[in-house]
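**Q** coords_37.cif is reproduced below (mmCIF, C-alpha atoms).
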data_protein
#
loop_
_atom_site.label_atom_id
_atom_site.label_comp_id
_atom_site.auth_asym_id
_atom_site.auth_seq_id
_atom_site.Cartn_x
_atom_site.Cartn_y
_atom_site.Cartn_z
CA ALA E 160 55.43 -26.01 -60.68
CA GLN E 161 56.88 -25.16 -64.03
CA THR E 162 59.22 -22.22 -64.50
CA VAL E 163 60.18 -20.38 -67.67
CA THR E 164 63.34 -18.28 -67.92
CA GLN E 165 64.24 -15.71 -70.53
CA SER E 166 67.79 -14.67 -69.77
CA GLN E 167 67.94 -11.70 -72.15
CA PRO E 168 65.92 -8.74 -70.85
CA GLU E 169 66.79 -6.75 -73.98
CA MET E 170 68.09 -7.56 -77.44
CA SER E 171 68.93 -5.41 -80.42
CA VAL E 172 69.11 -6.31 -84.10
CA GLN E 173 69.79 -4.46 -87.31
CA GLU E 174 66.96 -4.37 -89.80
CA ALA E 175 67.15 -7.31 -92.26
CA GLU E 176 69.43 -9.33 -90.00
CA THR E 177 68.70 -12.38 -87.89
CA VAL E 178 68.25 -12.51 -84.13
CA THR E 179 67.69 -15.37 -81.69
CA LEU E 180 65.81 -15.03 -78.41
CA SER E 181 66.52 -17.60 -75.72
CA CYS E 182 64.11 -19.46 -73.47
CA THR E 183 64.59 -22.31 -71.04
CA TYR E 184 62.00 -24.04 -68.91
CA ASP E 185 61.79 -26.54 -66.14
CA THR E 186 59.21 -29.31 -66.03
CA SER E 187 58.75 -32.92 -65.03
CA GLU E 188 56.11 -33.52 -67.71
CA SER E 189 56.90 -35.30 -70.96
CA ASP E 190 54.03 -33.84 -72.97
CA TYR E 191 53.37 -30.12 -73.08
CA TYR E 192 53.16 -27.14 -75.41
CA LEU E 193 55.43 -24.16 -75.89
CA PHE E 194 54.60 -20.77 -77.32
CA TRP E 195 56.18 -17.48 -78.26
CA TYR E 196 53.99 -14.39 -77.91
CA LYS E 197 54.70 -10.91 -79.21
CA GLN E 198 53.51 -7.82 -77.34
CA PRO E 199 53.89 -4.59 -79.32
CA PRO E 200 53.43 -1.16 -77.69
CA SER E 201 49.66 -1.57 -78.14
CA ARG E 202 49.94 -4.25 -75.38
CA GLN E 203 48.01 -6.77 -77.45
CA MET E 204 49.25 -10.35 -76.98
CA ILE E 205 49.89 -11.93 -80.38
CA LEU E 206 50.74 -15.59 -80.82
CA VAL E 207 53.85 -15.92 -82.98
CA ILE E 208 54.57 -19.63 -83.01
CA ARG E 209 53.82 -22.84 -81.11
CA GLN E 210 55.43 -26.21 -80.63
CA GLU E 211 54.21 -29.55 -79.31
CA ALA E 212 56.76 -31.29 -77.12
CA TYR E 213 56.13 -34.67 -78.74
CA LYS E 214 57.08 -33.33 -82.18
CA GLN E 215 60.78 -33.38 -82.91
CA GLN E 216 60.42 -31.15 -85.96
CA ASN E 217 60.94 -27.49 -85.19
CA ALA E 218 57.99 -25.22 -85.92
CA THR E 219 58.28 -22.52 -88.57
CA GLU E 220 55.99 -19.60 -89.41
CA ASN E 221 57.29 -17.47 -92.26
CA ARG E 222 60.29 -15.53 -90.86
CA PHE E 223 59.89 -17.05 -87.41
CA SER E 224 61.30 -20.42 -86.43
CA VAL E 225 62.17 -22.20 -83.22
CA ASN E 226 65.00 -24.39 -82.07
CA PHE E 227 63.38 -26.87 -79.69
CA GLN E 228 65.79 -28.96 -77.65
CA LYS E 229 63.63 -31.15 -75.42
CA ALA E 230 66.43 -32.79 -73.48
CA ALA E 231 67.99 -29.43 -72.73
CA LYS E 232 64.56 -27.88 -72.06
CA SER E 233 65.37 -25.06 -74.41
CA PHE E 234 63.03 -23.27 -76.82
CA SER E 235 64.66 -20.39 -78.69
CA LEU E 236 63.01 -18.14 -81.27
CA LYS E 237 64.81 -17.11 -84.42
CA ILE E 238 63.60 -14.10 -86.38
CA SER E 239 65.04 -13.85 -89.88
CA ASP E 240 65.11 -10.73 -92.05
CA SER E 241 64.13 -8.57 -89.07
CA GLN E 242 61.68 -5.77 -89.76
CA LEU E 243 60.92 -2.57 -87.87
CA GLY E 244 57.51 -4.01 -87.04
CA ASP E 245 59.18 -6.86 -85.14
CA ALA E 246 60.17 -4.45 -82.38
CA ALA E 247 58.21 -5.58 -79.33
CA MET E 248 58.29 -7.50 -76.09
CA TYR E 249 58.53 -11.25 -76.67
CA PHE E 250 57.32 -13.80 -74.15
CA CYS E 251 58.07 -17.47 -74.06
CA ALA E 252 55.29 -19.57 -72.48
CA TYR E 253 54.83 -23.15 -71.31
CA GLN E 254 51.47 -24.89 -71.23
CA ASN E 255 51.07 -28.01 -69.13
CA ASN E 256 49.77 -31.25 -70.52
CA ALA E 257 46.34 -30.75 -68.94
CA GLY E 258 46.09 -27.47 -70.85
CA ASN E 259 44.81 -25.43 -67.92
CA MET E 260 47.97 -23.60 -66.86
CA LEU E 261 50.07 -21.24 -68.96
CA THR E 262 53.38 -20.09 -67.48
CA PHE E 263 55.27 -17.17 -68.98
CA GLY E 264 58.87 -16.09 -68.92
CA GLY E 265 59.85 -12.58 -67.89
CA GLY E 266 60.07 -11.35 -71.47
CA THR E 267 62.72 -10.02 -73.86
CA ARG E 268 62.42 -6.55 -75.32
CA LEU E 269 63.56 -6.58 -78.94
CA MET E 270 64.70 -3.37 -80.58
CA VAL E 271 65.17 -3.19 -84.35
CA LYS E 272 67.56 -0.60 -85.69
CA PRO E 273 66.97 0.86 -89.16
CA GLU G 114 34.09 -9.96 -84.88
CA ALA G 115 35.48 -12.64 -82.58
CA GLN G 116 37.00 -10.96 -79.58
CA VAL G 117 37.67 -10.78 -75.87
CA THR G 118 36.65 -7.49 -74.31
CA GLN G 119 37.68 -6.03 -70.97
CA ASN G 120 36.31 -3.06 -69.08
CA PRO G 121 37.51 -0.69 -67.95
CA ARG G 122 40.72 -0.32 -69.94
CA TYR G 123 42.21 2.04 -67.38
CA LEU G 124 41.34 2.41 -63.72
CA ILE G 125 42.82 4.43 -60.89
CA THR G 126 41.43 3.66 -57.45
CA VAL G 127 42.30 3.87 -53.77
CA THR G 128 43.25 1.21 -51.29
CA GLY G 129 40.31 -0.77 -49.98
CA LYS G 130 37.69 0.31 -52.51
CA LYS G 131 36.14 -2.80 -54.06
CA LEU G 132 36.32 -3.03 -57.82
CA THR G 133 35.40 -5.40 -60.62
CA VAL G 134 37.08 -5.77 -64.00
CA THR G 135 34.76 -7.37 -66.51
CA CYS G 136 35.76 -9.82 -69.21
CA SER G 137 33.51 -11.07 -71.97
CA GLN G 138 34.10 -13.28 -75.01
CA ASN G 139 31.80 -13.94 -77.97
CA MET G 140 33.42 -17.16 -79.23
CA ASN G 141 31.57 -19.66 -77.03
CA HIS G 142 34.86 -20.65 -75.40
CA GLU G 143 34.76 -23.01 -72.43
CA TYR G 144 38.06 -21.90 -70.93
CA MET G 145 38.74 -18.43 -69.54
CA SER G 146 41.65 -17.11 -67.52
CA TRP G 147 43.01 -13.99 -65.83
CA TYR G 148 46.66 -12.90 -65.81
CA ARG G 149 48.58 -10.01 -64.36
CA GLN G 150 51.66 -8.59 -66.05
CA ASP G 151 54.46 -6.97 -64.09
CA PRO G 152 57.88 -5.81 -65.35
CA GLY G 153 60.45 -8.58 -65.36
CA LEU G 154 57.91 -11.17 -64.25
CA GLY G 155 55.98 -11.65 -67.46
CA LEU G 156 52.35 -12.70 -67.16
CA ARG G 157 51.26 -14.71 -64.17
CA GLN G 158 48.02 -16.64 -63.99
CA ILE G 159 45.58 -15.51 -61.30
CA TYR G 160 42.52 -17.72 -61.80
CA TYR G 161 41.08 -19.81 -64.57
CA SER G 162 37.76 -21.42 -65.39
CA MET G 163 37.20 -24.60 -67.36
CA ASN G 164 33.46 -23.93 -67.77
CA VAL G 165 30.43 -22.39 -66.10
CA GLU G 166 30.59 -22.63 -62.30
CA VAL G 167 34.07 -24.23 -62.49
CA THR G 168 36.95 -22.04 -61.34
CA ASP G 169 40.41 -22.75 -59.96
CA LYS G 170 43.44 -20.91 -58.65
CA GLY G 171 46.42 -20.05 -60.76
CA ASP G 172 49.83 -19.07 -59.48
CA VAL G 173 48.93 -15.74 -57.80
CA PRO G 174 45.29 -15.89 -56.57
CA GLU G 175 45.70 -14.02 -53.25
CA GLY G 176 43.58 -10.89 -53.08
CA TYR G 177 41.40 -11.80 -56.06
CA LYS G 178 38.05 -13.46 -56.63
CA VAL G 179 36.34 -14.64 -59.78
CA SER G 180 33.00 -16.04 -60.78
CA ARG G 181 31.70 -17.81 -63.86
CA LYS G 182 27.93 -17.68 -63.87
CA GLU G 183 27.65 -17.39 -67.64
CA LYS G 184 29.83 -18.95 -70.29
CA ARG G 185 30.74 -15.65 -71.93
CA ASN G 186 31.64 -13.65 -68.79
CA PHE G 187 34.47 -14.03 -66.29
CA PRO G 188 34.76 -10.99 -64.00
CA LEU G 189 37.78 -10.38 -61.78
CA ILE G 190 36.93 -8.96 -58.37
CA LEU G 191 39.28 -7.16 -56.00
CA GLU G 192 37.43 -6.94 -52.70
CA SER G 193 40.00 -4.73 -50.97
CA PRO G 194 42.63 -3.59 -53.46
CA SER G 195 46.12 -2.78 -52.26
CA PRO G 196 48.99 -0.94 -54.00
CA ASN G 197 50.77 -4.23 -54.76
CA GLN G 198 47.87 -5.09 -57.06
CA THR G 199 48.81 -2.21 -59.34
CA SER G 200 49.43 -4.03 -62.59
CA LEU G 201 48.35 -4.70 -66.15
CA TYR G 202 45.62 -7.34 -66.26
CA PHE G 203 44.72 -9.60 -69.15
CA CYS G 204 41.74 -11.86 -69.67
CA ALA G 205 42.01 -14.75 -72.13
CA SER G 206 39.73 -17.46 -73.48
CA SER G 207 39.91 -20.58 -75.61
CA PHE G 208 38.21 -23.73 -76.75
CA PHE G 209 39.50 -26.47 -74.53
CA GLY G 210 40.75 -29.79 -75.88
CA GLY G 211 39.21 -31.54 -78.87
CA ALA G 212 40.01 -29.58 -82.00
CA ASN G 213 42.20 -27.20 -80.02
CA PRO G 214 44.81 -29.40 -78.27
CA TYR G 215 47.06 -26.40 -77.89
CA ASN G 216 44.40 -24.61 -75.88
CA GLU G 217 45.49 -21.55 -77.89
CA GLN G 218 44.29 -18.58 -75.89
CA PHE G 219 42.86 -15.36 -77.26
CA PHE G 220 43.75 -12.35 -75.13
CA GLY G 221 41.78 -9.25 -74.34
CA PRO G 222 43.30 -5.77 -74.75
CA GLY G 223 44.37 -5.45 -71.11
CA THR G 224 43.30 -3.30 -68.16
CA ARG G 225 45.79 -0.96 -66.54
CA LEU G 226 44.98 -0.77 -62.82
CA THR G 227 46.59 1.66 -60.41
CA VAL G 228 45.84 1.37 -56.69
CA LEU G 229 46.88 4.41 -54.65
#
Would you give me this structure, written as structure tokens?
**A**
Amino acid sequence: AQTVTQSQPEMSVQEAETVTLSCTYDTSESDYYLFWYKQPPSRQMILVIRQEAYKQQNATENRFSVNFQKAAKSFSLKISDSQLGDAAMYFCAYQNNAGNMLTFGGGTRLMVKP
Amino acid sequence: EAQVTQNPRYLITVTGKKLTVTCSQNMNHEYMSWYRQDPGLGLRQIYYSMNVEVTDKGDVPEGYKVSRKEKRNFPLILESPSPNQTSLYFCASSFFGGANPYNEQFFGPGTRLTVL
């Protein structure tokens, strides 16, 4: 079974600065998908960014980008120009190649200081 | 509006009293899934369904049942709830495969369940 580890339970960043959230995973598959989800206080799960394992190019969505290191099984999220609205719980998730199982990490709570 | 709905949003019950949490989606998605969220553990998959009458266990299925009689509905049943099932529950759905290789899942708003 796959496992996903987020080693930072909490992170803090100053508004307008950059922060990186870490995620590592364990799998024996070669093809899979990785996601970062944001969960604000409303509890809604919001997809932030996604990455296919077979693509070497790192995904980017506006201020959000990832550093995908397949050999190291690492998938970190970088948030640039942090905004107060970025404060939330962030979950890293692994989806198996068959697409039927989604495994989440324990989450990182991000605080943004004005 | 495309959405996944869950009812109830909040529920307080007692040990052993059977309950059902409903989940419905209006996007004609084949795939539906249930998760529970607990502090420090993230979301864990309980059951999923690839289509009508097709269900399978996730990582934490003990104490739960599901059914998929209609494409749009995927209820979660707790036959005899216990305090360790106190949690935040999410339903999700997606198109499976084809034009959606990511199987990007759309999540419902969550149901906060407390079992006393």
**Q** Pull out every residue of chain G sitting within 12 Å of chain E, counting all atoms listed in the file, and send them as a short mmCIF file (atom, residue, chain, number, x, y, z; two decimals) with C-alpha atoms, in the frame of the given file.
**A**
data_model
loop_
_atom_site.label_atom_id
_atom_site.label_comp_id
_atom_site.auth_asym_id
_atom_site.auth_seq_id
_atom_site.Cartn_x
_atom_site.Cartn_y
_atom_site.Cartn_z
CA GLN G 116 37.00 -10.96 -79.58
CA VAL G 117 37.67 -10.78 -75.87
CA THR G 118 36.65 -7.49 -74.31
CA ARG G 122 40.72 -0.32 -69.94
CA GLU G 143 34.76 -23.01 -72.43
CA TYR G 144 38.06 -21.90 -70.93
CA MET G 145 38.74 -18.43 -69.54
CA SER G 146 41.65 -17.11 -67.52
CA TRP G 147 43.01 -13.99 -65.83
CA TYR G 148 46.66 -12.90 -65.81
CA ARG G 149 48.58 -10.01 -64.36
CA GLN G 150 51.66 -8.59 -66.05
CA ASP G 151 54.46 -6.97 -64.09
CA PRO G 152 57.88 -5.81 -65.35
CA GLY G 153 60.45 -8.58 -65.36
CA LEU G 154 57.91 -11.17 -64.25
CA GLY G 155 55.98 -11.65 -67.46
CA LEU G 156 52.35 -12.70 -67.16
CA ARG G 157 51.26 -14.71 -64.17
CA GLN G 158 48.02 -16.64 -63.99
CA ILE G 159 45.58 -15.51 -61.30
CA TYR G 160 42.52 -17.72 -61.80
CA TYR G 161 41.08 -19.81 -64.57
CA SER G 162 37.76 -21.42 -65.39
CA MET G 163 37.20 -24.60 -67.36
CA ASN G 164 33.46 -23.93 -67.77
CA THR G 168 36.95 -22.04 -61.34
CA ASP G 169 40.41 -22.75 -59.96
CA LYS G 170 43.44 -20.91 -58.65
CA GLY G 171 46.42 -20.05 -60.76
CA ASP G 172 49.83 -19.07 -59.48
CA VAL G 173 48.93 -15.74 -57.80
CA LEU G 201 48.35 -4.70 -66.15
CA TYR G 202 45.62 -7.34 -66.26
CA PHE G 203 44.72 -9.60 -69.15
CA CYS G 204 41.74 -11.86 -69.67
CA ALA G 205 42.01 -14.75 -72.13
CA SER G 206 39.73 -17.46 -73.48
CA SER G 207 39.91 -20.58 -75.61
CA PHE G 208 38.21 -23.73 -76.75
CA PHE G 209 39.50 -26.47 -74.53
CA GLY G 210 40.75 -29.79 -75.88
CA GLY G 211 39.21 -31.54 -78.87
CA ASN G 213 42.20 -27.20 -80.02
CA PRO G 214 44.81 -29.40 -78.27
CA TYR G 215 47.06 -26.40 -77.89
CA ASN G 216 44.40 -24.61 -75.88
CA GLU G 217 45.49 -21.55 -77.89
CA GLN G 218 44.29 -18.58 -75.89
CA PHE G 219 42.86 -15.36 -77.26
CA PHE G 220 43.75 -12.35 -75.13
CA GLY G 221 41.78 -9.25 -74.34
CA PRO G 222 43.30 -5.77 -74.75
CA GLY G 223 44.37 -5.45 -71.11
CA THR G 224 43.30 -3.30 -68.16
CA ARG G 225 45.79 -0.96 -66.54
#
**Q** Using the chain letters and numbering of this document, enumerate as number ranges by chain the residues selected by the PyMOL selection byres ((chain G and resi 115) around 7).
**A** G: 114, 116, 139-140
**Q** Quick one: write out the picked residues with C-alpha atoms as a PDB file, in the coordinates of the input?
**A**
ATOM      1  CA  GLU G 114      34.090  -9.960 -84.880  1.00  0.00           C
ATOM      2  CA  GLN G 116      37.000 -10.960 -79.580  1.00  0.00           C
ATOM      3  CA  ASN G 139      31.800 -13.940 -77.970  1.00  0.00           C
ATOM      4  CA  MET G 140      33.420 -17.160 -79.230  1.00  0.00           C
TER       5      MET G 140
END
**Q** Taking the file as I've supplied it (selection: the PyMOL selection byres ((chain E and resi 185) around 8)), which residues are included? Please answer as a list in words.
**A**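 So the PyMOL selection byres ((chain E and resi 185) around 8) ends up selecting Gln161, Thr162, Val163, Thr183, Tyr184, Thr186, Ser187 and Lys232 of chain E.
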**Q** Quick check, in Å to one decimal: how far apart do atom CA of G:Val165 and atom CA of G:Val179 lie?
**A**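 If I compute the distance from atom CA of G:Val165 to atom CA of G:Val179, I get 11.6 Å.
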**Q** Suppose you want the space between atom CA of E:Glu174 and atom CA of E:Lys197; what is it in Å?
**A**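 Taking atom CA of E:Glu174 as the start and atom CA of E:Lys197 as the end point, the length is 17.5 Å.
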**Q** Mind telling me what the PyMOL selection byres ((chain E and resi 220-228) around 9) catches here, as a JSON list (two decimals) with C-alpha atoms, in the coordinates of the input?
**A**
[["chain", "number", "residue", "atom", "x", "y", "z"],
["E", 179, "THR", "CA", 67.69, -15.37, -81.69],
["E", 207, "VAL", "CA", 53.85, -15.92, -82.98],
["E", 208, "ILE", "CA", 54.57, -19.63, -83.01],
["E", 209, "ARG", "CA", 53.82, -22.84, -81.11],
["E", 210, "GLN", "CA", 55.43, -26.21, -80.63],
["E", 212, "ALA", "CA", 56.76, -31.29, -77.12],
["E", 215, "GLN", "CA", 60.78, -33.38, -82.91],
["E", 216, "GLN", "CA", 60.42, -31.15, -85.96],
["E", 217, "ASN", "CA", 60.94, -27.49, -85.19],
["E", 218, "ALA", "CA", 57.99, -25.22, -85.92],
["E", 219, "THR", "CA", 58.28, -22.52, -88.57],
["E", 229, "LYS", "CA", 63.63, -31.15, -75.42],
["E", 230, "ALA", "CA", 66.43, -32.79, -73.48],
["E", 231, "ALA", "CA", 67.99, -29.43, -72.73],
["E", 232, "LYS", "CA", 64.56, -27.88, -72.06],
["E", 233, "SER", "CA", 65.37, -25.06, -74.41],
["E", 234, "PHE", "CA", 63.03, -23.27, -76.82],
["E", 235, "SER", "CA", 64.66, -20.39, -78.69],
["E", 236, "LEU", "CA", 63.01, -18.14, -81.27],
["E", 237, "LYS", "CA", 64.81, -17.11, -84.42],
["E", 238, "ILE", "CA", 63.60, -14.10, -86.38],
["E", 239, "SER", "CA", 65.04, -13.85, -89.88],
["E", 240, "ASP", "CA", 65.11, -10.73, -92.05],
["E", 241, "SER", "CA", 64.13, -8.57, -89.07]]
**Q** When you draw a straight line from atom CA of G:Val127 to atom CA of G:Leu226, how long is it in Å?
**A**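 Spanning atom CA of G:Val127 to atom CA of G:Leu226 is a straight-line distance of 10.5 Å.
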